[in-house]
Amino acid sequence: MATEAAKTFYLVIKTPEKNFCSEPAEEIILETPSGQIGILPGHEPMVSAVAIGPIRIKKEGEWEEAVLSEGFLEVNQDMVVILVDTAEWPDEIDENRARRAEERAQERLQGKLSRIEYAESRAALQRAISRLKVSSHSHKI
């Protein structure tokens, strides 16, 4: 049993609306503002921002993929807690809605925008692109 515990950590992903994921994981790979990071059991404690993009979760030797919005990540001993605004599995993503959001964001970026409007439009575009990318994969990859 101690060997099994050393192969996993407890992963918790929460949004304001729901407890998205709460289970053992063998590895995760996700986006941060500094680039992609991977976390394995025994990872050093850390806190990081989470960027919009996919998260890959390895459980029982199988990979699953979801999409996360911006948030924060905390790694402690044998637990990883991720707090984000939204998290979605591929089957929860409406591809048509994501395509329309991508088009709207691209159109807005063509116009004259304030810095805040530009940042919001870039974030909307990144969310839409990430949703489309994850929804094109199966739930288990």
# chains A, B, ... in the order shown; residues from 1 in each chain; ligands from 1
>>> residues_around(residues="Val81 of chain A", least_positions_apart="3", cutoff="9 Å", atoms="only C-alpha atoms", output="ChimeraX atom specification")
/A:10-14,72-76
>>> write_last_selection(atoms="all heavy atoms", output="PDB file, in the first residue's frame")
ATOM      1  N   TYR A  10      -3.047  13.264  -4.484  1.00  0.00           N
ATOM      2  CA  TYR A  10      -4.468  13.561  -4.536  1.00  0.00           C
ATOM      3  C   TYR A  10      -4.658  14.869  -5.291  1.00  0.00           C
ATOM      4  O   TYR A  10      -4.061  15.884  -4.948  1.00  0.00           O
ATOM      5  CB  TYR A  10      -5.058  13.641  -3.129  1.00  0.00           C
ATOM      6  CG  TYR A  10      -6.543  13.427  -3.131  1.00  0.00           C
ATOM      7  CD1 TYR A  10      -7.082  12.167  -3.362  1.00  0.00           C
ATOM      8  CD2 TYR A  10      -7.413  14.493  -2.957  1.00  0.00           C
ATOM      9  CE1 TYR A  10      -8.447  11.966  -3.390  1.00  0.00           C
ATOM     10  CE2 TYR A  10      -8.785  14.301  -2.984  1.00  0.00           C
ATOM     11  CZ  TYR A  10      -9.301  13.033  -3.204  1.00  0.00           C
ATOM     12  OH  TYR A  10     -10.651  12.838  -3.247  1.00  0.00           O
ATOM     13  N   LEU A  11      -5.468  14.841  -6.336  1.00  0.00           N
ATOM     14  CA  LEU A  11      -5.726  16.005  -7.173  1.00  0.00           C
ATOM     15  C   LEU A  11      -7.115  16.545  -6.894  1.00  0.00           C
ATOM     16  O   LEU A  11      -8.095  15.801  -6.936  1.00  0.00           O
ATOM     17  CB  LEU A  11      -5.611  15.629  -8.654  1.00  0.00           C
ATOM     18  CG  LEU A  11      -5.992  16.711  -9.656  1.00  0.00           C
ATOM     19  CD1 LEU A  11      -5.060  17.919  -9.557  1.00  0.00           C
ATOM     20  CD2 LEU A  11      -5.990  16.141 -11.072  1.00  0.00           C
ATOM     21  N   VAL A  12      -7.183  17.837  -6.611  1.00  0.00           N
ATOM     22  CA  VAL A  12      -8.453  18.518  -6.407  1.00  0.00           C
ATOM     23  C   VAL A  12      -8.498  19.705  -7.358  1.00  0.00           C
ATOM     24  O   VAL A  12      -7.594  20.535  -7.354  1.00  0.00           O
ATOM     25  CB  VAL A  12      -8.603  19.016  -4.945  1.00  0.00           C
ATOM     26  CG1 VAL A  12      -9.887  19.815  -4.770  1.00  0.00           C
ATOM     27  CG2 VAL A  12      -8.550  17.851  -3.976  1.00  0.00           C
ATOM     28  N   ILE A  13      -9.535  19.757  -8.182  1.00  0.00           N
ATOM     29  CA  ILE A  13      -9.762  20.904  -9.064  1.00  0.00           C
ATOM     30  C   ILE A  13     -11.133  21.459  -8.727  1.00  0.00           C
ATOM     31  O   ILE A  13     -12.137  20.746  -8.813  1.00  0.00           O
ATOM     32  CB  ILE A  13      -9.701  20.511 -10.558  1.00  0.00           C
ATOM     33  CG1 ILE A  13      -8.355  19.873 -10.897  1.00  0.00           C
ATOM     34  CG2 ILE A  13      -9.970  21.743 -11.431  1.00  0.00           C
ATOM     35  CD1 ILE A  13      -8.256  19.333 -12.317  1.00  0.00           C
ATOM     36  N   LYS A  14     -11.153  22.729  -8.326  1.00  0.00           N
ATOM     37  CA  LYS A  14     -12.409  23.370  -7.924  1.00  0.00           C
ATOM     38  C   LYS A  14     -12.655  24.626  -8.742  1.00  0.00           C
ATOM     39  O   LYS A  14     -11.723  25.355  -9.063  1.00  0.00           O
ATOM     40  CB  LYS A  14     -12.377  23.746  -6.446  1.00  0.00           C
ATOM     41  CG  LYS A  14     -12.393  22.569  -5.521  1.00  0.00           C
ATOM     42  CD  LYS A  14     -12.516  22.999  -4.082  1.00  0.00           C
ATOM     43  CE  LYS A  14     -12.655  21.769  -3.211  1.00  0.00           C
ATOM     44  NZ  LYS A  14     -13.212  22.080  -1.917  1.00  0.00           N
ATOM     45  N   PHE A  72      -5.230  29.362  -9.924  1.00  0.00           N
ATOM     46  CA  PHE A  72      -4.028  29.133  -9.128  1.00  0.00           C
ATOM     47  C   PHE A  72      -3.878  27.651  -8.818  1.00  0.00           C
ATOM     48  O   PHE A  72      -4.847  26.911  -8.761  1.00  0.00           O
ATOM     49  CB  PHE A  72      -4.082  29.937  -7.822  1.00  0.00           C
ATOM     50  CG  PHE A  72      -4.069  31.407  -8.053  1.00  0.00           C
ATOM     51  CD1 PHE A  72      -5.258  32.123  -8.149  1.00  0.00           C
ATOM     52  CD2 PHE A  72      -2.871  32.082  -8.219  1.00  0.00           C
ATOM     53  CE1 PHE A  72      -5.249  33.481  -8.394  1.00  0.00           C
ATOM     54  CE2 PHE A  72      -2.844  33.437  -8.463  1.00  0.00           C
ATOM     55  CZ  PHE A  72      -4.047  34.138  -8.545  1.00  0.00           C
ATOM     56  N   LEU A  73      -2.633  27.261  -8.557  1.00  0.00           N
ATOM     57  CA  LEU A  73      -2.270  25.886  -8.273  1.00  0.00           C
ATOM     58  C   LEU A  73      -1.426  25.879  -7.018  1.00  0.00           C
ATOM     59  O   LEU A  73      -0.554  26.736  -6.853  1.00  0.00           O
ATOM     60  CB  LEU A  73      -1.455  25.360  -9.456  1.00  0.00           C
ATOM     61  CG  LEU A  73      -0.467  24.231  -9.254  1.00  0.00           C
ATOM     62  CD1 LEU A  73      -1.206  22.914  -9.302  1.00  0.00           C
ATOM     63  CD2 LEU A  73       0.576  24.270 -10.353  1.00  0.00           C
ATOM     64  N   GLU A  74      -1.688  24.915  -6.124  1.00  0.00           N
ATOM     65  CA  GLU A  74      -0.856  24.740  -4.941  1.00  0.00           C
ATOM     66  C   GLU A  74      -0.475  23.273  -4.823  1.00  0.00           C
ATOM     67  O   GLU A  74      -1.336  22.393  -4.880  1.00  0.00           O
ATOM     68  CB  GLU A  74      -1.597  25.175  -3.674  1.00  0.00           C
ATOM     69  CG  GLU A  74      -0.752  25.017  -2.425  1.00  0.00           C
ATOM     70  CD  GLU A  74      -1.469  25.435  -1.146  1.00  0.00           C
ATOM     71  OE1 GLU A  74      -2.706  25.550  -1.157  1.00  0.00           O
ATOM     72  OE2 GLU A  74      -0.774  25.624  -0.147  1.00  0.00           O
ATOM     73  N   VAL A  75       0.815  23.022  -4.694  1.00  0.00           N
ATOM     74  CA  VAL A  75       1.331  21.667  -4.514  1.00  0.00           C
ATOM     75  C   VAL A  75       1.832  21.563  -3.081  1.00  0.00           C
ATOM     76  O   VAL A  75       2.681  22.351  -2.658  1.00  0.00           O
ATOM     77  CB  VAL A  75       2.488  21.364  -5.498  1.00  0.00           C
ATOM     78  CG1 VAL A  75       3.022  19.958  -5.275  1.00  0.00           C
ATOM     79  CG2 VAL A  75       2.041  21.556  -6.940  1.00  0.00           C
ATOM     80  N   ASN A  76       1.302  20.604  -2.334  1.00  0.00           N
ATOM     81  CA  ASN A  76       1.718  20.336  -0.953  1.00  0.00           C
ATOM     82  C   ASN A  76       1.866  18.844  -0.763  1.00  0.00           C
ATOM     83  O   ASN A  76       0.938  18.092  -1.056  1.00  0.00           O
ATOM     84  CB  ASN A  76       0.667  20.835   0.052  1.00  0.00           C
ATOM     85  CG  ASN A  76       0.792  22.305   0.319  1.00  0.00           C
ATOM     86  OD1 ASN A  76       1.887  22.834   0.378  1.00  0.00           O
ATOM     87  ND2 ASN A  76      -0.347  22.968   0.460  1.00  0.00           N
TER      88      ASN A  76
END
>>> select_by_dssp(residues="chain A", states="strand (DSSP E)", output="PyMOL selection string")
chain A and resi 9-14+19-25+27-32+35-39+46-50+53-59+62-68+71-76+79-84+87-88
>>> select_by_dssp(residues="chain A", states="alpha helix (DSSP H)", output="MDAnalysis selection string")
chainID A and resid 2:6 95:110 115:135
>>> write_last_selection(atoms="N, CA and C atoms", output="short mmCIF file (atom, residue, chain, number, x, y, z; two decimals), in the first residue's frame")
data_model
loop_
_atom_site.label_atom_id
_atom_site.label_comp_id
_atom_site.auth_asym_id
_atom_site.auth_seq_id
_atom_site.Cartn_x
_atom_site.Cartn_y
_atom_site.Cartn_z
N ALA A 2 1.96 1.26 0.76
CA ALA A 2 2.84 2.42 0.79
C ALA A 2 3.45 2.67 -0.58
N THR A 3 3.73 1.61 -1.35
CA THR A 3 4.27 1.76 -2.70
C THR A 3 3.24 2.43 -3.59
N GLU A 4 1.98 2.04 -3.50
CA GLU A 4 0.92 2.64 -4.32
C GLU A 4 0.76 4.12 -3.99
N ALA A 5 0.82 4.47 -2.72
CA ALA A 5 0.68 5.87 -2.31
C ALA A 5 1.80 6.72 -2.90
N ALA A 6 2.99 6.16 -3.01
CA ALA A 6 4.12 6.89 -3.55
C ALA A 6 3.98 7.12 -5.05
N GLU A 95 -19.05 22.73 -29.10
CA GLU A 95 -18.10 23.16 -30.12
C GLU A 95 -18.61 24.34 -30.94
N ASN A 96 -19.90 24.34 -31.27
CA ASN A 96 -20.46 25.46 -32.05
C ASN A 96 -20.37 26.77 -31.27
N ARG A 97 -20.68 26.71 -30.00
CA ARG A 97 -20.58 27.90 -29.16
C ARG A 97 -19.13 28.38 -29.06
N ALA A 98 -18.20 27.43 -28.92
CA ALA A 98 -16.77 27.78 -28.84
C ALA A 98 -16.30 28.40 -30.15
N ARG A 99 -16.76 27.89 -31.30
CA ARG A 99 -16.38 28.48 -32.59
C ARG A 99 -16.90 29.91 -32.70
N ARG A 100 -18.15 30.12 -32.29
CA ARG A 100 -18.72 31.48 -32.34
C ARG A 100 -17.95 32.42 -31.42
N ALA A 101 -17.57 31.94 -30.24
CA ALA A 101 -16.80 32.77 -29.31
C ALA A 101 -15.44 33.11 -29.91
N GLU A 102 -14.81 32.15 -30.59
CA GLU A 102 -13.53 32.40 -31.23
C GLU A 102 -13.68 33.48 -32.31
N GLU A 103 -14.72 33.36 -33.12
CA GLU A 103 -14.95 34.35 -34.18
C GLU A 103 -15.19 35.75 -33.60
N ARG A 104 -16.02 35.82 -32.56
CA ARG A 104 -16.29 37.12 -31.92
C ARG A 104 -15.01 37.74 -31.37
N ALA A 105 -14.20 36.92 -30.70
CA ALA A 105 -12.95 37.44 -30.11
C ALA A 105 -12.01 37.92 -31.21
N GLN A 106 -11.90 37.18 -32.30
CA GLN A 106 -11.03 37.60 -33.40
C GLN A 106 -11.51 38.90 -34.03
N GLU A 107 -12.83 39.04 -34.17
CA GLU A 107 -13.39 40.28 -34.72
C GLU A 107 -13.09 41.46 -33.80
N ARG A 108 -13.28 41.26 -32.49
CA ARG A 108 -12.99 42.34 -31.53
C ARG A 108 -11.52 42.75 -31.59
N LEU A 109 -10.64 41.77 -31.75
CA LEU A 109 -9.20 42.07 -31.78
C LEU A 109 -8.80 42.87 -33.02
N GLN A 110 -9.64 42.87 -34.05
CA GLN A 110 -9.35 43.65 -35.27
C GLN A 110 -9.67 45.13 -35.08
N ARG A 115 -6.56 48.79 -23.47
CA ARG A 115 -5.72 47.68 -22.97
C ARG A 115 -6.55 46.61 -22.29
N ILE A 116 -7.52 47.03 -21.52
CA ILE A 116 -8.37 46.07 -20.81
C ILE A 116 -9.22 45.28 -21.81
N GLU A 117 -9.82 45.96 -22.78
CA GLU A 117 -10.62 45.27 -23.78
C GLU A 117 -9.77 44.29 -24.59
N TYR A 118 -8.53 44.70 -24.89
CA TYR A 118 -7.63 43.84 -25.63
C TYR A 118 -7.31 42.58 -24.81
N ALA A 119 -6.98 42.76 -23.53
CA ALA A 119 -6.66 41.62 -22.66
C ALA A 119 -7.86 40.69 -22.53
N GLU A 120 -9.05 41.26 -22.38
CA GLU A 120 -10.26 40.44 -22.27
C GLU A 120 -10.52 39.67 -23.56
N SER A 121 -10.32 40.32 -24.69
CA SER A 121 -10.54 39.66 -25.99
C SER A 121 -9.51 38.56 -26.23
N ARG A 122 -8.26 38.80 -25.86
CA ARG A 122 -7.23 37.77 -26.00
C ARG A 122 -7.56 36.56 -25.11
N ALA A 123 -8.02 36.82 -23.89
CA ALA A 123 -8.39 35.73 -22.98
C ALA A 123 -9.58 34.94 -23.55
N ALA A 124 -10.57 35.65 -24.09
CA ALA A 124 -11.73 34.97 -24.69
C ALA A 124 -11.30 34.12 -25.88
N LEU A 125 -10.38 34.63 -26.68
CA LEU A 125 -9.88 33.87 -27.82
C LEU A 125 -9.14 32.62 -27.35
N GLN A 126 -8.29 32.77 -26.34
CA GLN A 126 -7.54 31.63 -25.82
C GLN A 126 -8.47 30.57 -25.23
N ARG A 127 -9.52 31.01 -24.51
CA ARG A 127 -10.48 30.04 -23.95
C ARG A 127 -11.16 29.26 -25.08
N ALA A 128 -11.59 29.98 -26.12
CA ALA A 128 -12.28 29.32 -27.23
C ALA A 128 -11.36 28.34 -27.94
N ILE A 129 -10.13 28.75 -28.22
CA ILE A 129 -9.18 27.86 -28.89
C ILE A 129 -8.89 26.63 -28.03
N SER A 130 -8.72 26.82 -26.73
CA SER A 130 -8.45 25.69 -25.84
C SER A 130 -9.64 24.73 -25.79
N ARG A 131 -10.86 25.28 -25.74
CA ARG A 131 -12.05 24.43 -25.72
C ARG A 131 -12.14 23.60 -27.00
N LEU A 132 -11.90 24.26 -28.14
CA LEU A 132 -11.97 23.54 -29.40
C LEU A 132 -10.90 22.45 -29.49
N LYS A 133 -9.71 22.76 -29.02
CA LYS A 133 -8.62 21.77 -29.06
C LYS A 133 -8.96 20.55 -28.20
N VAL A 134 -9.44 20.79 -26.99
CA VAL A 134 -9.76 19.69 -26.08
C VAL A 134 -10.98 18.92 -26.56
N SER A 135 -11.98 19.63 -27.09
CA SER A 135 -13.20 18.94 -27.53
C SER A 135 -12.94 18.06 -28.75
#
>>> atom_distance(atom1="atom CA of Thr32 of chain A", atom2="atom CA of Ser48 of chain A")
7.2 Å
>>> residues_around(residues="segment 58-61 of chain A", least_positions_apart="2", cutoff="12 Å", atoms="only C-alpha atoms", output="list in words")
Glu4, Lys7, Thr8, Phe9, Tyr10, Leu11, Cys21, Ser22, Glu23, Pro24, Ala25, Glu26, Glu27, Ile28, Ile29, Leu30, Gly38, Ile39, Leu40, Pro41, Ile55, Arg56, Trp63, Glu64, Glu65, Ala66, His139, Lys140 and Ile141 of chain A
>>> closest_residue(among="A:Ile37, A:Asp91, A:Val80, A:Thr15", to="Leu68 of chain A", atoms="only C-alpha atoms")
A:Thr15
>>> atom_distance(atom1="atom CA of Gly53 of chain A", atom2="atom CA of Val67 of chain A")
5.5 Å
>>> decode(residues="segment 94-112 of chain A", atoms="N, CA, C and O atoms", output="PDB file, in the first residue's frame")
ATOM      1  N   ASP A  94     -19.495  22.761 -25.866  1.00  0.00           N
ATOM      2  CA  ASP A  94     -20.330  22.973 -27.041  1.00  0.00           C
ATOM      3  C   ASP A  94     -19.425  23.553 -28.130  1.00  0.00           C
ATOM      4  O   ASP A  94     -19.052  24.730 -28.072  1.00  0.00           O
ATOM      5  N   GLU A  95     -19.051  22.728 -29.100  1.00  0.00           N
ATOM      6  CA  GLU A  95     -18.100  23.157 -30.124  1.00  0.00           C
ATOM      7  C   GLU A  95     -18.615  24.338 -30.942  1.00  0.00           C
ATOM      8  O   GLU A  95     -17.842  25.241 -31.279  1.00  0.00           O
ATOM      9  N   ASN A  96     -19.904  24.341 -31.275  1.00  0.00           N
ATOM     10  CA  ASN A  96     -20.462  25.462 -32.052  1.00  0.00           C
ATOM     11  C   ASN A  96     -20.367  26.772 -31.270  1.00  0.00           C
ATOM     12  O   ASN A  96     -20.011  27.813 -31.817  1.00  0.00           O
ATOM     13  N   ARG A  97     -20.681  26.709 -30.004  1.00  0.00           N
ATOM     14  CA  ARG A  97     -20.583  27.902 -29.159  1.00  0.00           C
ATOM     15  C   ARG A  97     -19.133  28.375 -29.059  1.00  0.00           C
ATOM     16  O   ARG A  97     -18.843  29.565 -29.118  1.00  0.00           O
ATOM     17  N   ALA A  98     -18.197  27.431 -28.923  1.00  0.00           N
ATOM     18  CA  ALA A  98     -16.775  27.776 -28.837  1.00  0.00           C
ATOM     19  C   ALA A  98     -16.296  28.403 -30.150  1.00  0.00           C
ATOM     20  O   ALA A  98     -15.524  29.369 -30.134  1.00  0.00           O
ATOM     21  N   ARG A  99     -16.760  27.885 -31.295  1.00  0.00           N
ATOM     22  CA  ARG A  99     -16.384  28.478 -32.585  1.00  0.00           C
ATOM     23  C   ARG A  99     -16.902  29.912 -32.705  1.00  0.00           C
ATOM     24  O   ARG A  99     -16.194  30.805 -33.185  1.00  0.00           O
ATOM     25  N   ARG A 100     -18.151  30.117 -32.292  1.00  0.00           N
ATOM     26  CA  ARG A 100     -18.722  31.476 -32.340  1.00  0.00           C
ATOM     27  C   ARG A 100     -17.952  32.416 -31.416  1.00  0.00           C
ATOM     28  O   ARG A 100     -17.684  33.568 -31.777  1.00  0.00           O
ATOM     29  N   ALA A 101     -17.573  31.937 -30.245  1.00  0.00           N
ATOM     30  CA  ALA A 101     -16.798  32.766 -29.310  1.00  0.00           C
ATOM     31  C   ALA A 101     -15.440  33.105 -29.909  1.00  0.00           C
ATOM     32  O   ALA A 101     -14.956  34.238 -29.764  1.00  0.00           O
ATOM     33  N   GLU A 102     -14.815  32.149 -30.586  1.00  0.00           N
ATOM     34  CA  GLU A 102     -13.529  32.395 -31.227  1.00  0.00           C
ATOM     35  C   GLU A 102     -13.675  33.475 -32.308  1.00  0.00           C
ATOM     36  O   GLU A 102     -12.869  34.405 -32.387  1.00  0.00           O
ATOM     37  N   GLU A 103     -14.715  33.361 -33.118  1.00  0.00           N
ATOM     38  CA  GLU A 103     -14.952  34.352 -34.178  1.00  0.00           C
ATOM     39  C   GLU A 103     -15.190  35.751 -33.599  1.00  0.00           C
ATOM     40  O   GLU A 103     -14.636  36.735 -34.099  1.00  0.00           O
ATOM     41  N   ARG A 104     -16.017  35.817 -32.558  1.00  0.00           N
ATOM     42  CA  ARG A 104     -16.291  37.125 -31.920  1.00  0.00           C
ATOM     43  C   ARG A 104     -15.011  37.741 -31.367  1.00  0.00           C
ATOM     44  O   ARG A 104     -14.764  38.932 -31.537  1.00  0.00           O
ATOM     45  N   ALA A 105     -14.199  36.925 -30.700  1.00  0.00           N
ATOM     46  CA  ALA A 105     -12.951  37.437 -30.115  1.00  0.00           C
ATOM     47  C   ALA A 105     -12.010  37.921 -31.210  1.00  0.00           C
ATOM     48  O   ALA A 105     -11.387  38.986 -31.072  1.00  0.00           O
ATOM     49  N   GLN A 106     -11.900  37.182 -32.301  1.00  0.00           N
ATOM     50  CA  GLN A 106     -11.031  37.597 -33.399  1.00  0.00           C
ATOM     51  C   GLN A 106     -11.515  38.904 -34.029  1.00  0.00           C
ATOM     52  O   GLN A 106     -10.714  39.779 -34.355  1.00  0.00           O
ATOM     53  N   GLU A 107     -12.829  39.035 -34.173  1.00  0.00           N
ATOM     54  CA  GLU A 107     -13.393  40.282 -34.715  1.00  0.00           C
ATOM     55  C   GLU A 107     -13.093  41.462 -33.799  1.00  0.00           C
ATOM     56  O   GLU A 107     -12.713  42.533 -34.258  1.00  0.00           O
ATOM     57  N   ARG A 108     -13.279  41.261 -32.488  1.00  0.00           N
ATOM     58  CA  ARG A 108     -12.991  42.344 -31.532  1.00  0.00           C
ATOM     59  C   ARG A 108     -11.520  42.753 -31.589  1.00  0.00           C
ATOM     60  O   ARG A 108     -11.197  43.924 -31.493  1.00  0.00           O
ATOM     61  N   LEU A 109     -10.638  41.768 -31.752  1.00  0.00           N
ATOM     62  CA  LEU A 109      -9.203  42.069 -31.780  1.00  0.00           C
ATOM     63  C   LEU A 109      -8.804  42.867 -33.024  1.00  0.00           C
ATOM     64  O   LEU A 109      -7.746  43.495 -33.027  1.00  0.00           O
ATOM     65  N   GLN A 110      -9.641  42.869 -34.051  1.00  0.00           N
ATOM     66  CA  GLN A 110      -9.355  43.646 -35.265  1.00  0.00           C
ATOM     67  C   GLN A 110      -9.669  45.131 -35.079  1.00  0.00           C
ATOM     68  O   GLN A 110      -9.175  45.969 -35.820  1.00  0.00           O
ATOM     69  N   GLY A 111     -10.477  45.457 -34.073  1.00  0.00           N
ATOM     70  CA  GLY A 111     -10.884  46.845 -33.840  1.00  0.00           C
ATOM     71  C   GLY A 111      -9.941  47.571 -32.896  1.00  0.00           C
ATOM     72  O   GLY A 111      -8.957  47.033 -32.398  1.00  0.00           O
ATOM     73  N   LYS A 112     -10.265  48.810 -32.654  1.00  0.00           N
ATOM     74  CA  LYS A 112      -9.488  49.638 -31.729  1.00  0.00           C
ATOM     75  C   LYS A 112     -10.001  49.351 -30.318  1.00  0.00           C
ATOM     76  O   LYS A 112     -11.161  49.570 -30.017  1.00  0.00           O
TER      77      LYS A 112
END
